>>> print(open('coords04.cif').read())   # mmCIF, C-alpha atoms and all ligand atoms
data_query
#
loop_
_atom_site.label_atom_id
_atom_site.label_comp_id
_atom_site.auth_asym_id
_atom_site.auth_seq_id
_atom_site.Cartn_x
_atom_site.Cartn_y
_atom_site.Cartn_z
CA MET Y 3 2.87 -46.68 41.52
CA ASP Y 4 6.13 -47.14 39.63
CA ALA Y 5 9.51 -45.98 40.91
CA LEU Y 6 10.54 -42.46 39.93
CA HIS Y 7 13.03 -42.13 37.08
CA GLU Y 8 16.14 -40.00 37.62
CA PHE Y 9 15.77 -36.27 36.98
CA ASP Y 10 17.40 -33.00 37.96
CA VAL Y 11 15.59 -30.23 39.84
CA ILE Y 12 16.34 -26.55 39.29
CA ARG Y 13 15.06 -23.96 41.77
CA PRO Y 14 15.18 -20.48 40.20
CA LYS Y 15 14.54 -17.44 42.41
CA THR Y 16 13.51 -14.94 39.72
CA ILE Y 17 11.36 -15.01 36.59
CA ALA Y 18 14.47 -14.29 34.47
CA GLU Y 19 16.25 -17.31 36.00
CA MET Y 20 13.19 -19.45 35.40
CA LEU Y 21 13.01 -18.44 31.72
CA ALA Y 22 16.76 -19.04 31.33
CA ALA Y 23 16.39 -22.52 32.83
CA ARG Y 24 13.51 -23.29 30.43
CA LYS Y 25 15.63 -22.15 27.50
CA ALA Y 26 18.62 -24.23 28.61
CA HIS Y 27 16.45 -27.33 29.12
CA PRO Y 28 13.78 -27.44 26.39
CA ALA Y 29 12.50 -30.86 27.55
CA SER Y 30 12.07 -29.66 31.13
CA ARG Y 31 8.71 -29.40 32.89
CA LEU Y 32 7.62 -26.83 35.45
CA ILE Y 33 6.61 -28.06 38.87
CA GLY Y 34 4.57 -26.06 41.38
CA GLY Y 35 3.38 -28.16 44.29
CA GLY Y 36 3.88 -31.32 42.24
CA THR Y 37 0.53 -32.74 43.33
CA ASP Y 38 -0.44 -33.53 39.74
CA ILE Y 39 2.77 -33.80 37.72
CA LEU Y 40 4.53 -36.07 40.23
CA VAL Y 41 1.60 -38.47 40.11
CA ASN Y 42 1.86 -38.54 36.30
CA ILE Y 43 5.61 -39.15 36.55
CA ARG Y 44 5.07 -41.96 39.05
CA ARG Y 45 2.67 -43.55 36.56
CA GLY Y 46 5.21 -43.32 33.76
CA ILE Y 47 2.96 -40.96 31.82
CA GLU Y 48 5.82 -38.49 31.44
CA LYS Y 49 9.58 -38.65 32.05
CA PRO Y 50 11.03 -35.14 32.06
CA PRO Y 51 14.82 -35.05 32.51
CA VAL Y 52 14.61 -31.75 34.42
CA LEU Y 53 11.97 -30.25 36.70
CA ILE Y 54 11.98 -26.47 37.25
CA GLU Y 55 10.34 -25.42 40.51
CA THR Y 56 8.13 -22.33 40.43
CA THR Y 57 7.73 -21.89 44.16
CA ALA Y 58 11.02 -20.13 45.03
CA VAL Y 59 10.13 -17.12 42.84
CA ALA Y 60 8.87 -14.73 45.54
CA GLU Y 61 7.23 -12.29 43.11
CA LEU Y 62 4.88 -15.05 41.88
CA HIS Y 63 3.33 -15.61 45.31
CA GLY Y 64 1.28 -12.39 45.49
CA ILE Y 65 -2.47 -12.31 46.08
CA ALA Y 66 -4.04 -8.84 45.68
CA ALA Y 67 -7.80 -8.42 45.71
CA ASN Y 68 -10.24 -5.57 46.19
CA GLU Y 69 -13.80 -4.81 45.06
CA ARG Y 70 -12.60 -3.99 41.52
CA GLU Y 71 -9.84 -6.46 40.67
CA ILE Y 72 -8.07 -9.64 41.73
CA VAL Y 73 -4.49 -10.54 40.75
CA VAL Y 74 -2.98 -13.85 41.85
CA GLY Y 75 0.58 -15.04 41.19
CA ALA Y 76 1.09 -18.49 39.68
CA SER Y 77 3.05 -19.73 42.70
CA ALA Y 78 0.45 -18.65 45.27
CA LYS Y 79 -0.68 -21.64 47.29
CA LEU Y 80 -4.31 -22.79 47.04
CA ALA Y 81 -4.72 -22.64 50.83
CA ALA Y 82 -3.55 -19.00 50.86
CA LEU Y 83 -6.07 -18.12 48.12
CA ALA Y 84 -8.91 -19.94 49.89
CA GLN Y 85 -8.21 -18.15 53.18
CA ASN Y 86 -7.50 -14.64 51.87
CA ALA Y 87 -10.01 -12.26 53.52
CA ALA Y 88 -10.40 -9.95 50.49
CA VAL Y 89 -10.93 -12.91 48.15
CA LEU Y 90 -13.52 -14.40 50.51
CA LYS Y 91 -15.33 -11.05 50.64
CA HIS Y 92 -15.24 -9.94 46.99
CA TYR Y 93 -14.74 -13.21 45.03
CA PRO Y 94 -16.49 -15.93 47.05
CA ALA Y 95 -16.68 -18.30 44.05
CA ILE Y 96 -12.87 -18.20 43.69
CA ALA Y 97 -12.28 -18.74 47.43
CA ALA Y 98 -14.80 -21.60 47.52
CA ALA Y 99 -13.31 -23.24 44.42
CA ALA Y 100 -9.80 -23.07 45.92
CA ASP Y 101 -11.08 -24.45 49.22
CA SER Y 102 -12.71 -27.41 47.46
CA ILE Y 103 -9.56 -28.66 45.71
CA ALA Y 104 -8.31 -32.09 46.84
CA GLY Y 105 -7.52 -32.21 50.60
CA PRO Y 106 -5.79 -29.80 53.03
CA THR Y 107 -2.29 -31.17 52.40
CA HIS Y 108 -2.70 -30.76 48.61
CA ARG Y 109 -3.96 -27.20 49.11
CA ASN Y 110 -0.91 -26.39 51.22
CA MET Y 111 1.38 -27.65 48.43
CA GLY Y 112 -0.64 -27.01 45.27
CA THR Y 113 -0.27 -23.74 43.38
CA VAL Y 114 -2.64 -21.59 41.36
CA GLY Y 115 -0.48 -21.97 38.21
CA GLY Y 116 -0.41 -25.75 38.61
CA ASN Y 117 -4.17 -25.84 39.01
CA LEU Y 118 -4.83 -23.68 35.95
CA CYS Y 119 -2.45 -25.85 33.87
CA LEU Y 120 -3.80 -29.14 35.22
CA ASP Y 121 -3.54 -32.05 32.79
CA THR Y 122 -6.83 -33.39 31.42
CA ARG Y 123 -8.01 -36.68 32.93
CA CYS Y 124 -9.48 -39.99 31.78
CA ILE Y 125 -9.95 -43.45 33.31
CA TYR Y 126 -7.81 -44.89 30.48
CA TYR Y 127 -5.01 -42.35 30.99
CA ASN Y 128 -4.58 -41.87 34.76
CA GLN Y 129 -3.36 -45.42 35.26
CA SER Y 130 -0.06 -47.25 35.69
CA GLU Y 131 2.17 -47.97 32.70
CA TRP Y 132 1.32 -51.65 33.14
CA TRP Y 133 -2.44 -50.99 33.04
CA ARG Y 134 -2.22 -48.68 30.05
CA GLY Y 135 0.01 -51.18 28.22
CA ALA Y 136 -2.47 -53.98 28.87
CA ASN Y 137 -5.09 -51.81 27.13
CA ALA Y 138 -2.85 -51.01 24.13
CA HIS Y 139 -2.54 -47.39 25.36
CA CYS Y 140 -4.62 -44.65 23.71
CA LEU Y 141 -4.27 -41.42 21.76
CA LYS Y 142 -3.35 -39.20 24.72
CA THR Y 143 0.01 -40.86 25.29
CA ALA Y 144 0.67 -41.23 21.55
CA LEU Y 145 1.49 -44.95 21.93
CA GLY Y 146 -2.02 -46.11 21.15
CA GLU Y 147 -4.07 -45.84 18.00
CA MET Y 148 -7.58 -45.42 19.29
CA CYS Y 149 -9.63 -43.68 21.93
CA HIS Y 150 -11.27 -46.23 24.25
CA VAL Y 151 -13.92 -43.73 25.32
CA ALA Y 152 -15.03 -42.95 21.77
CA PRO Y 153 -13.54 -45.57 19.42
CA LYS Y 154 -15.07 -43.78 16.41
CA SER Y 155 -13.67 -40.38 17.45
CA LYS Y 156 -11.30 -40.25 14.45
CA GLY Y 157 -8.30 -39.02 16.41
CA VAL Y 158 -10.07 -36.82 18.96
CA CYS Y 159 -9.34 -37.29 22.68
CA PHE Y 160 -12.11 -36.40 25.12
CA ALA Y 161 -10.03 -36.42 28.35
CA THR Y 162 -11.71 -34.05 30.78
CA TYR Y 163 -10.46 -30.80 32.25
CA SER Y 164 -11.13 -30.98 36.01
CA GLY Y 165 -9.40 -27.96 37.57
CA ASP Y 166 -11.68 -26.14 40.02
CA LEU Y 167 -10.24 -22.62 39.78
CA ALA Y 168 -10.69 -21.96 36.06
CA PRO Y 169 -14.52 -21.79 36.02
CA ALA Y 170 -14.50 -19.43 39.01
CA PHE Y 171 -12.04 -17.04 37.28
CA LEU Y 172 -14.00 -17.33 34.01
CA LEU Y 173 -17.02 -15.78 35.76
CA TYR Y 174 -15.06 -12.58 36.20
CA GLY Y 175 -13.60 -12.40 32.68
CA GLY Y 176 -10.24 -13.82 33.82
CA GLU Y 177 -7.01 -13.12 31.97
CA ILE Y 178 -3.69 -14.90 32.22
CA ASP Y 179 -0.20 -13.35 31.96
CA LEU Y 180 2.46 -15.50 30.28
CA ALA Y 181 6.21 -15.04 29.83
CA GLY Y 182 8.33 -16.88 27.28
CA PRO Y 183 11.27 -16.65 24.92
CA ASP Y 184 9.46 -13.97 22.86
CA GLY Y 185 8.48 -11.77 25.81
CA THR Y 186 5.26 -11.49 27.78
CA ARG Y 187 1.66 -11.66 26.60
CA THR Y 188 -1.81 -11.66 28.11
CA LEU Y 189 -4.57 -14.01 27.03
CA ALA Y 190 -8.23 -14.14 27.95
CA LEU Y 191 -8.52 -17.16 30.23
CA ALA Y 192 -11.25 -18.49 27.93
CA ASP Y 193 -8.71 -18.50 25.08
CA PHE Y 194 -6.03 -20.14 27.23
CA TYR Y 195 -8.09 -23.34 27.12
CA THR Y 196 -8.33 -24.89 23.68
CA GLY Y 197 -9.94 -28.29 24.35
CA TYR Y 198 -13.20 -28.84 22.52
CA ALA Y 199 -16.33 -26.97 23.57
CA LYS Y 200 -19.35 -26.83 21.32
CA GLN Y 201 -20.21 -23.17 21.73
CA ASP Y 202 -16.99 -21.60 20.51
CA GLY Y 203 -15.96 -24.07 17.84
CA SER Y 204 -12.54 -24.65 19.45
CA THR Y 205 -10.50 -27.22 17.62
CA GLY Y 206 -8.32 -28.63 20.42
CA ASP Y 207 -9.09 -31.75 22.42
CA GLY Y 208 -8.03 -33.59 25.57
CA ARG Y 209 -4.42 -33.66 24.34
CA THR Y 210 -4.09 -30.07 23.15
CA TYR Y 211 -5.95 -28.25 25.86
CA LEU Y 212 -3.75 -25.21 26.60
CA ALA Y 213 -2.64 -22.33 24.36
CA ILE Y 214 0.73 -22.21 26.16
CA ARG Y 215 3.73 -22.09 23.79
CA PRO Y 216 7.01 -24.02 24.19
CA GLY Y 217 9.16 -22.42 26.90
CA GLU Y 218 6.33 -20.27 28.28
CA ILE Y 219 5.38 -19.98 31.93
CA VAL Y 220 2.22 -18.71 33.58
CA LEU Y 221 3.02 -15.63 35.67
CA ARG Y 222 -0.36 -14.69 37.12
CA VAL Y 223 -4.12 -14.73 36.65
CA ARG Y 224 -6.22 -11.60 36.95
CA ALA Y 225 -9.93 -10.80 36.81
CA LYS Y 226 -12.30 -7.86 37.23
CA ASN Y 227 -15.33 -7.54 39.46
CA VAL Y 228 -18.64 -5.85 38.63
CA PRO Y 229 -20.51 -3.97 41.38
CA GLY Y 230 -23.49 -5.97 42.63
CA LEU Y 231 -22.27 -9.34 41.34
CA VAL Y 232 -22.69 -12.18 43.86
CA SER Y 233 -21.05 -15.55 43.26
CA ALA Y 234 -20.67 -19.11 44.52
CA TYR Y 235 -19.03 -22.41 43.60
CA ASP Y 236 -20.24 -25.95 44.13
CA LYS Y 237 -19.03 -29.36 43.03
CA ILE Y 238 -20.00 -32.95 43.40
CA ARG Y 239 -17.29 -35.54 44.03
CA ILE Y 240 -17.06 -39.17 44.96
CA ARG Y 241 -15.09 -38.66 48.19
CA LYS Y 242 -16.07 -35.32 49.68
CA SER Y 243 -12.87 -34.88 51.67
CA ILE Y 244 -10.38 -35.25 48.79
CA GLU Y 245 -11.42 -35.55 45.17
CA TYR Y 246 -11.55 -34.07 41.71
CA PRO Y 247 -14.96 -32.79 40.64
CA VAL Y 248 -17.37 -35.22 39.03
CA ALA Y 249 -18.72 -31.86 37.94
CA GLY Y 250 -18.06 -28.35 39.27
CA VAL Y 251 -20.19 -25.25 38.73
CA ALA Y 252 -19.42 -21.56 39.30
CA VAL Y 253 -22.24 -19.02 39.16
CA ALA Y 254 -22.30 -15.21 39.42
CA LEU Y 255 -25.38 -13.05 39.10
CA ALA Y 256 -26.63 -9.54 39.76
CA ARG Y 257 -30.20 -8.72 40.73
CA LYS Y 258 -31.88 -5.33 40.37
CA GLY Y 259 -35.18 -5.49 42.25
CA ASP Y 260 -37.14 -8.28 40.60
CA THR Y 261 -34.96 -8.34 37.50
CA LEU Y 262 -32.05 -10.63 36.76
CA ALA Y 263 -29.47 -8.07 35.61
CA ASP Y 264 -26.50 -10.35 34.93
CA LEU Y 265 -25.95 -14.11 34.88
CA ARG Y 266 -22.71 -16.03 34.34
CA VAL Y 267 -22.32 -19.82 34.66
CA ALA Y 268 -19.14 -21.87 34.17
CA PHE Y 269 -18.43 -25.60 34.44
CA THR Y 270 -15.50 -27.91 35.03
CA GLY Y 271 -15.26 -31.71 34.94
CA THR Y 272 -17.48 -31.92 31.88
CA ASN Y 273 -15.51 -31.12 28.70
CA PRO Y 274 -11.83 -31.15 27.65
CA ARG Y 275 -11.84 -27.50 28.79
CA PRO Y 276 -13.65 -25.38 31.37
CA VAL Y 277 -16.88 -24.11 29.83
CA LEU Y 278 -18.32 -20.61 30.20
CA LEU Y 279 -21.97 -21.06 29.31
CA ASP Y 280 -23.03 -19.13 26.22
CA GLY Y 281 -26.47 -17.52 25.93
CA THR Y 282 -27.18 -16.60 29.57
CA SER Y 283 -27.69 -12.92 28.65
CA ALA Y 284 -30.99 -13.92 26.99
CA LEU Y 285 -32.28 -14.87 30.46
CA CYS Y 286 -31.52 -11.40 31.87
CA GLY Y 287 -33.70 -8.28 31.94
CA LYS Y 288 -36.64 -10.16 33.49
CA PRO Y 289 -37.46 -11.99 36.74
CA LEU Y 290 -35.98 -15.41 37.45
CA SER Y 291 -39.03 -17.44 36.45
CA ASP Y 292 -39.53 -21.18 36.01
CA ALA Y 293 -39.30 -20.53 32.26
CA ALA Y 294 -35.87 -18.89 32.75
CA LEU Y 295 -34.67 -21.89 34.76
CA ALA Y 296 -35.96 -24.23 32.06
CA ALA Y 297 -34.07 -22.19 29.47
CA LEU Y 298 -30.94 -22.43 31.63
CA ASP Y 299 -31.47 -26.21 31.75
CA ASP Y 300 -31.56 -26.27 27.93
CA LEU Y 301 -28.34 -24.23 27.64
CA CYS Y 302 -26.51 -26.56 30.05
CA ARG Y 303 -27.70 -29.73 28.33
CA ASP Y 304 -26.71 -28.35 24.96
CA GLN Y 305 -23.21 -27.15 25.88
CA ILE Y 306 -22.03 -29.75 28.40
CA MET Y 307 -20.41 -32.62 26.53
CA SER Y 308 -19.37 -35.10 29.21
CA MET Y 309 -18.11 -38.47 28.01
CA LYS Y 310 -17.31 -41.70 29.87
CA THR Y 311 -13.88 -40.46 31.02
CA THR Y 312 -14.58 -40.97 34.73
CA PHE Y 313 -16.18 -43.73 36.77
CA THR Y 314 -19.47 -41.85 36.58
CA PRO Y 315 -21.34 -41.88 33.24
CA GLY Y 316 -21.26 -38.75 31.08
CA THR Y 317 -25.05 -38.46 31.15
CA TYR Y 318 -25.01 -38.37 34.96
CA ARG Y 319 -22.34 -35.65 35.02
CA ARG Y 320 -24.33 -33.50 32.60
CA ARG Y 321 -27.50 -33.98 34.64
CA VAL Y 322 -25.84 -33.25 37.97
CA ALA Y 323 -23.98 -30.19 36.63
CA THR Y 324 -27.26 -28.78 35.33
CA VAL Y 325 -29.03 -29.39 38.65
CA MET Y 326 -26.17 -27.75 40.59
CA ALA Y 327 -26.23 -24.72 38.26
CA LYS Y 328 -29.96 -24.18 38.79
CA ARG Y 329 -29.63 -24.67 42.55
CA LEU Y 330 -26.83 -22.11 42.78
CA VAL Y 331 -28.74 -19.62 40.63
CA LYS Y 332 -31.82 -19.93 42.87
CA ARG Y 333 -29.69 -19.61 46.02
CA LEU Y 334 -27.85 -16.51 44.81
CA TRP Y 335 -31.09 -14.95 43.50
CA GLY Y 336 -32.64 -15.39 46.95
CA ALA Y 337 -29.60 -13.91 48.68
CA ALA Y 338 -28.92 -11.00 46.30
C1 LIG V 401 -5.87 -37.14 45.49
C2 LIG V 401 -5.89 -35.90 44.62
C3 LIG V 401 -7.05 -35.15 44.57
C4 LIG V 401 -7.09 -34.01 43.77
N1 LIG V 401 -8.25 -33.28 43.74
C5 LIG V 401 -8.32 -32.16 42.97
C6 LIG V 401 -9.51 -31.37 42.95
O1 LIG V 401 -10.48 -31.64 43.66
N2 LIG V 401 -9.55 -30.30 42.12
C7 LIG V 401 -8.48 -29.95 41.35
O2 LIG V 401 -8.59 -28.94 40.64
N3 LIG V 401 -7.33 -30.66 41.38
C8 LIG V 401 -7.22 -31.74 42.17
N4 LIG V 401 -6.04 -32.46 42.23
C9 LIG V 401 -4.93 -32.09 41.36
C10 LIG V 401 -3.92 -31.12 42.00
O3 LIG V 401 -3.67 -31.45 43.34
C11 LIG V 401 -4.37 -29.67 41.95
O4 LIG V 401 -4.95 -29.36 40.69
C12 LIG V 401 -3.23 -28.67 42.20
O5 LIG V 401 -3.75 -27.37 42.20
C13 LIG V 401 -2.13 -28.74 41.17
O6 LIG V 401 -1.21 -27.73 41.50
P1 LIG V 401 0.33 -28.06 41.65
O7 LIG V 401 1.04 -26.79 41.93
O8 LIG V 401 0.57 -29.16 42.61
O9 LIG V 401 0.61 -28.56 40.16
P2 LIG V 401 1.86 -29.38 39.60
O10 LIG V 401 1.61 -30.82 39.76
O11 LIG V 401 3.12 -28.83 40.15
O12 LIG V 401 1.76 -28.96 38.06
C14 LIG V 401 0.62 -29.28 37.30
C15 LIG V 401 0.88 -28.85 35.85
O13 LIG V 401 0.99 -27.43 35.77
C16 LIG V 401 2.23 -27.06 35.15
N5 LIG V 401 2.64 -25.80 35.80
C17 LIG V 401 2.82 -25.59 37.12
N6 LIG V 401 3.11 -24.30 37.34
C18 LIG V 401 3.14 -23.69 36.11
C19 LIG V 401 3.39 -22.35 35.67
N7 LIG V 401 3.67 -21.35 36.51
N8 LIG V 401 3.31 -22.10 34.34
C20 LIG V 401 3.01 -23.10 33.45
N9 LIG V 401 2.77 -24.37 33.82
C21 LIG V 401 2.83 -24.66 35.15
C22 LIG V 401 3.15 -28.25 35.42
O14 LIG V 401 4.20 -28.32 34.47
C23 LIG V 401 2.17 -29.40 35.26
O15 LIG V 401 1.96 -29.68 33.91
C24 LIG V 401 -5.96 -33.61 43.03
C25 LIG V 401 -4.78 -34.37 43.10
C26 LIG V 401 -4.75 -35.50 43.89
C27 LIG V 401 -3.46 -36.29 43.96
S1 LIG V 402 -10.56 -39.84 25.97
FE1 LIG V 402 -9.76 -41.51 24.68
S2 LIG V 402 -7.79 -40.78 23.84
FE2 LIG V 402 -8.37 -39.43 25.55
S3 LIG V 402 -7.31 -40.25 27.35
FE3 LIG V 402 -9.37 -41.20 27.29
S4 LIG V 402 -9.16 -43.10 26.12
FE4 LIG V 402 -7.34 -41.84 25.77
#
>>> encode(input="coords04.cif", output="structure tokens", more="lines below")
Ligand SMILES: Cc1cc2nc3c(=O)[nH]c(=O)nc-3n(C[C@H](O)[C@H](O)[C@H](O)COP(=O)(O)OP(=O)(O)OC[C@H]3O[C@@H](n4cnc5c(N)ncnc54)[C@H](O)[C@@H]3O)c2cc1C
Ligand code: SF4
Amino acid sequence: MDALHEFDVIRPKTIAEMLAARKAHPASRLIGGGTDILVNIRRGIEKPPVLIETTAVAELHGIAANEREIVVGASAKLAALAQNAAVLKHYPAIAAAADSIAGPTHRNMGTVGGNLCLDTRCIYYNQSEWWRGANAHCLKTALGEMCHVAPKSKGVCFATYSGDLAPAFLLYGGEIDLAGPDGTRTLALADFYTGYAKQDGSTGDGRTYLAIRPGEIVLRVRAKNVPGLVSAYDKIRIRKSIEYPVAGVAVALARKGDTLADLRVAFTGTNPRPVLLDGTSALCGKPLSDAALAALDDLCRDQIMSMKTTFTPGTYRRRVATVMAKRLVKRLWGAA
């Protein structure tokens, strides 16, 4: 790790103060728990002159959940989300995803906003300045001229989105509230992520992966429940006690007798954005048969586009994500 450069830290106590600080310091960066951005700064990936802390804004710490709706402030800590009784009861996939992030110390520091805005990752990017320089850099830091993962990518970066919370919120039709110089707005969480995914024709990539505008901050994430929906989250990682997902899968389904009434599947760690699987409604309205699981397999293989951005090959991540999805579906079907 390199030594930290000099920077100022501002600690606003209200949203208005935070927006004013952003306006006064256009090159500033927000910092929640700092468990991702400080690592990037230590690696010389970014050098913001000013960091604006989000954690002193009390109104952004709220976690409210019941059987109909969940609303979580951007500064809420991951550990608080994972341990919240109402979240555990009504949104088990969200609680499990939060509980699976990094290790206990990261979860005590890390925030929901920081997790949702997590930078995309790649073995050629998450390295020291010295290492990246020795490899002539790459497109994601703008100093290089080619992508080492896909040299023929013609300017596209495939760095992978690896946040665990996003797929869990996507299951419940998550929305995100933003505030900025032009006021507040709400975006579907699926539209907040712009990195490439085959099924929706998005045009972003591993560099332009968020629809956040200059000066904007994430205020909160919200989502709605559906009666009868059961959910779970699972991930595979290299070190089980503290690690990003090699692949992470969130599943929610509803069963009416012997009929699959609703099925939602979302992935992380596979594409430059979290992926909500398209086409699962075609599997509903009938029992969960071997043919339905084979069709789910096809959907996953078609829409997961993992590249060699981690130490595990892309083909392995696609295979393992598909297996985890089918396992979770079978488990939830049996328990529903
Ligand atoms: C060893 C290790 C293991 C890890 N394992 C995992 C893992 O398993 N799963 C996982 O998902 N992550 C993992 N992480 C990454 C990180 O710890 C978590 O994603 C954490 O939730 C990030 O939250 P934070 O508050 O610390 O983010 P920060 O580092 O503070 O910020 C991250 C980004 O979000 C932006 N940001 C923060 N708050 C806001 C806001 N309110 N509005 C707009 N932008 C904002 C920051 O500017 C920055 O770009 C790991 C990190 C380490 C070091
Ligand atoms: S996918 Fe390519 S451009 Fe993107 S960070 Fe990795 S090497 Fe760089």
>>> closest_residue(input="coords04.cif", among="Y:Gly116, Y:Pro183, Y:Pro274, Y:Gly281", to="ligand LIG 402 (chain V)", atoms="all atoms listed in the file")
Y:Pro274
>>> closest_atom_pairs(input="coords04.cif", of="chain Y", to="ligand LIG 401 (chain V)", cutoff="7 Å", atoms="all atoms listed in the file", output="tab-separated table")
residue	atom	partner	partner_atom	distance
Y:Arg31	CA	V:LIG401	O14	4.9
Y:Leu32	CA	V:LIG401	O14	3.9
Y:Ile33	CA	V:LIG401	O11	3.8
Y:Gly34	CA	V:LIG401	O11	3.4
Y:Gly35	CA	V:LIG401	O8	3.4
Y:Gly36	CA	V:LIG401	O11	3.3
Y:Thr37	CA	V:LIG401	O8	3.7
Y:Asp38	CA	V:LIG401	O10	3.4
Y:Ile39	CA	V:LIG401	O10	3.8
Y:Leu40	CA	V:LIG401	O10	6.0
Y:Val41	CA	V:LIG401	C27	6.7
Y:Thr56	CA	V:LIG401	N7	6.0
Y:Ala76	CA	V:LIG401	N7	5.0
Y:Ser77	CA	V:LIG401	N7	6.4
Y:Leu80	CA	V:LIG401	O5	6.7
Y:Ser102	CA	V:LIG401	O1	6.1
Y:Ile103	CA	V:LIG401	O1	3.7
Y:Ala104	CA	V:LIG401	N1	3.3
Y:Gly105	CA	V:LIG401	C3	6.7
Y:His108	CA	V:LIG401	O3	5.4
Y:Arg109	CA	V:LIG401	O5	6.9
Y:Met111	CA	V:LIG401	O8	6.1
Y:Gly112	CA	V:LIG401	O8	3.6
Y:Thr113	CA	V:LIG401	O7	3.6
Y:Val114	CA	V:LIG401	O5	5.9
Y:Gly115	CA	V:LIG401	N6	4.4
Y:Gly116	CA	V:LIG401	O9	3.4
Y:Asn117	CA	V:LIG401	O5	3.6
Y:Leu118	CA	V:LIG401	O13	6.9
Y:Cys119	CA	V:LIG401	O13	4.2
Y:Leu120	CA	V:LIG401	C15	4.7
Y:Asp121	CA	V:LIG401	O15	6.1
Y:Ser164	CA	V:LIG401	O2	5.7
Y:Gly165	CA	V:LIG401	O2	3.3
Y:Asp166	CA	V:LIG401	O2	4.2
Y:Leu167	CA	V:LIG401	O2	6.6
Y:Glu218	CA	V:LIG401	C20	6.8
Y:Ile219	CA	V:LIG401	N8	3.8
Y:Val220	CA	V:LIG401	N8	3.6
Y:Leu221	CA	V:LIG401	N7	5.8
Y:Ile244	CA	V:LIG401	C3	5.4
Y:Glu245	CA	V:LIG401	N1	4.2
Y:Tyr246	CA	V:LIG401	O1	3.3
Y:Pro247	CA	V:LIG401	O1	5.5
>>> residues_near_ligand(input="coords04.cif", ligand="ligand LIG 402 (chain V)", cutoff="12 Å", atoms="all atoms listed in the file", output="VMD selection string")
chain Y and resid 47 121 to 129 134 137 to 163 197 to 198 206 to 211 273 to 274 308 to 313 316
>>> residues_around(input="coords04.cif", residues="Arg266 of chain Y", least_positions_apart="4", cutoff="10 Å", atoms="all atoms listed in the file", output="JSON, numbers by chain")
{"Y": [172, 173, 174, 175, 231, 233, 252, 253, 254, 255, 256, 278, 279, 280, 281, 282, 283, 331]}
>>> closest_residue(input="coords04.cif", among="Y:Ser243, Y:Pro276, Y:Pro289, Y:Asn86", to="Ala263 of chain Y", atoms="all atoms listed in the file")
Y:Pro289
>>> closest_residue(input="coords04.cif", among="Y:Val267, Y:Val74, Y:Ala293, Y:Ala284", to="Thr324 of chain Y", atoms="all atoms listed in the file")
Y:Val267
>>> atom_distance(input="coords04.cif", atom1="atom CA of Leu189 of chain Y", atom2="atom CA of Glu177 of chain Y")
5.6 Å
>>> closest_residue(input="coords04.cif", among="Y:Asp10, Y:Glu55, Y:Glu19, Y:Asp179", to="Val73 of chain Y", atoms="all atoms listed in the file")
Y:Asp179
>>> closest_residue(input="coords04.cif", among="Y:Val52, Y:Val248, Y:Asp304, Y:Thr196", to="Arg275 of chain Y", atoms="only C-alpha atoms")
Y:Thr196
>>> closest_residue(input="coords04.cif", among="Y:Arg70, Y:His63, Y:Lys288, Y:Lys15", to="Leu83 of chain Y", atoms="only C-alpha atoms")
Y:His63
>>> atom_distance(input="coords04.cif", atom1="atom CA of Ala294 of chain Y", atom2="atom CA of Thr261 of chain Y")
11.6 Å
>>> residues_around(input="coords04.cif", residues="Gly230 of chain Y", least_positions_apart="6", cutoff="12 Å", atoms="all atoms listed in the file", output="PDB file with C-alpha atoms, in the coordinates of the input")
ATOM      1  CA  GLU Y  69     -13.800  -4.810  45.060  1.00  0.00           C
ATOM      2  CA  ARG Y  70     -12.600  -3.990  41.520  1.00  0.00           C
ATOM      3  CA  HIS Y  92     -15.240  -9.940  46.990  1.00  0.00           C
ATOM      4  CA  TYR Y  93     -14.740 -13.210  45.030  1.00  0.00           C
ATOM      5  CA  ALA Y 254     -22.300 -15.210  39.420  1.00  0.00           C
ATOM      6  CA  LEU Y 255     -25.380 -13.050  39.100  1.00  0.00           C
ATOM      7  CA  ALA Y 256     -26.630  -9.540  39.760  1.00  0.00           C
ATOM      8  CA  ARG Y 257     -30.200  -8.720  40.730  1.00  0.00           C
ATOM      9  CA  LYS Y 258     -31.880  -5.330  40.370  1.00  0.00           C
ATOM     10  CA  GLY Y 259     -35.180  -5.490  42.250  1.00  0.00           C
ATOM     11  CA  LEU Y 262     -32.050 -10.630  36.760  1.00  0.00           C
ATOM     12  CA  ALA Y 263     -29.470  -8.070  35.610  1.00  0.00           C
ATOM     13  CA  ASP Y 264     -26.500 -10.350  34.930  1.00  0.00           C
ATOM     14  CA  LEU Y 265     -25.950 -14.110  34.880  1.00  0.00           C
ATOM     15  CA  LEU Y 334     -27.850 -16.510  44.810  1.00  0.00           C
ATOM     16  CA  TRP Y 335     -31.090 -14.950  43.500  1.00  0.00           C
ATOM     17  CA  ALA Y 337     -29.600 -13.910  48.680  1.00  0.00           C
ATOM     18  CA  ALA Y 338     -28.920 -11.000  46.300  1.00  0.00           C
TER      19      ALA Y 338
END
>>> atom_distance(input="coords04.cif", atom1="atom CA of Ala5 of chain Y", atom2="atom CA of Ala29 of chain Y")
20.4 Å
>>> residues_around(input="coords04.cif", residues="Glu131 of chain Y", least_positions_apart="3", cutoff="6 Å", atoms="all atoms listed in the file", output="list in words")
Arg45, Gly46, Arg134 and Gly135 of chain Y
>>> axis_aligned_box(input="coords04.cif", around="segment 296-311 of chain Y", padding_each_side="4 Å", output="lines of an AutoDock Vina configuration file")
center_x = -24.9
center_y = -31.9
center_z = 28.5
size_x = 30.1
size_y = 27.5
size_z = 15.1
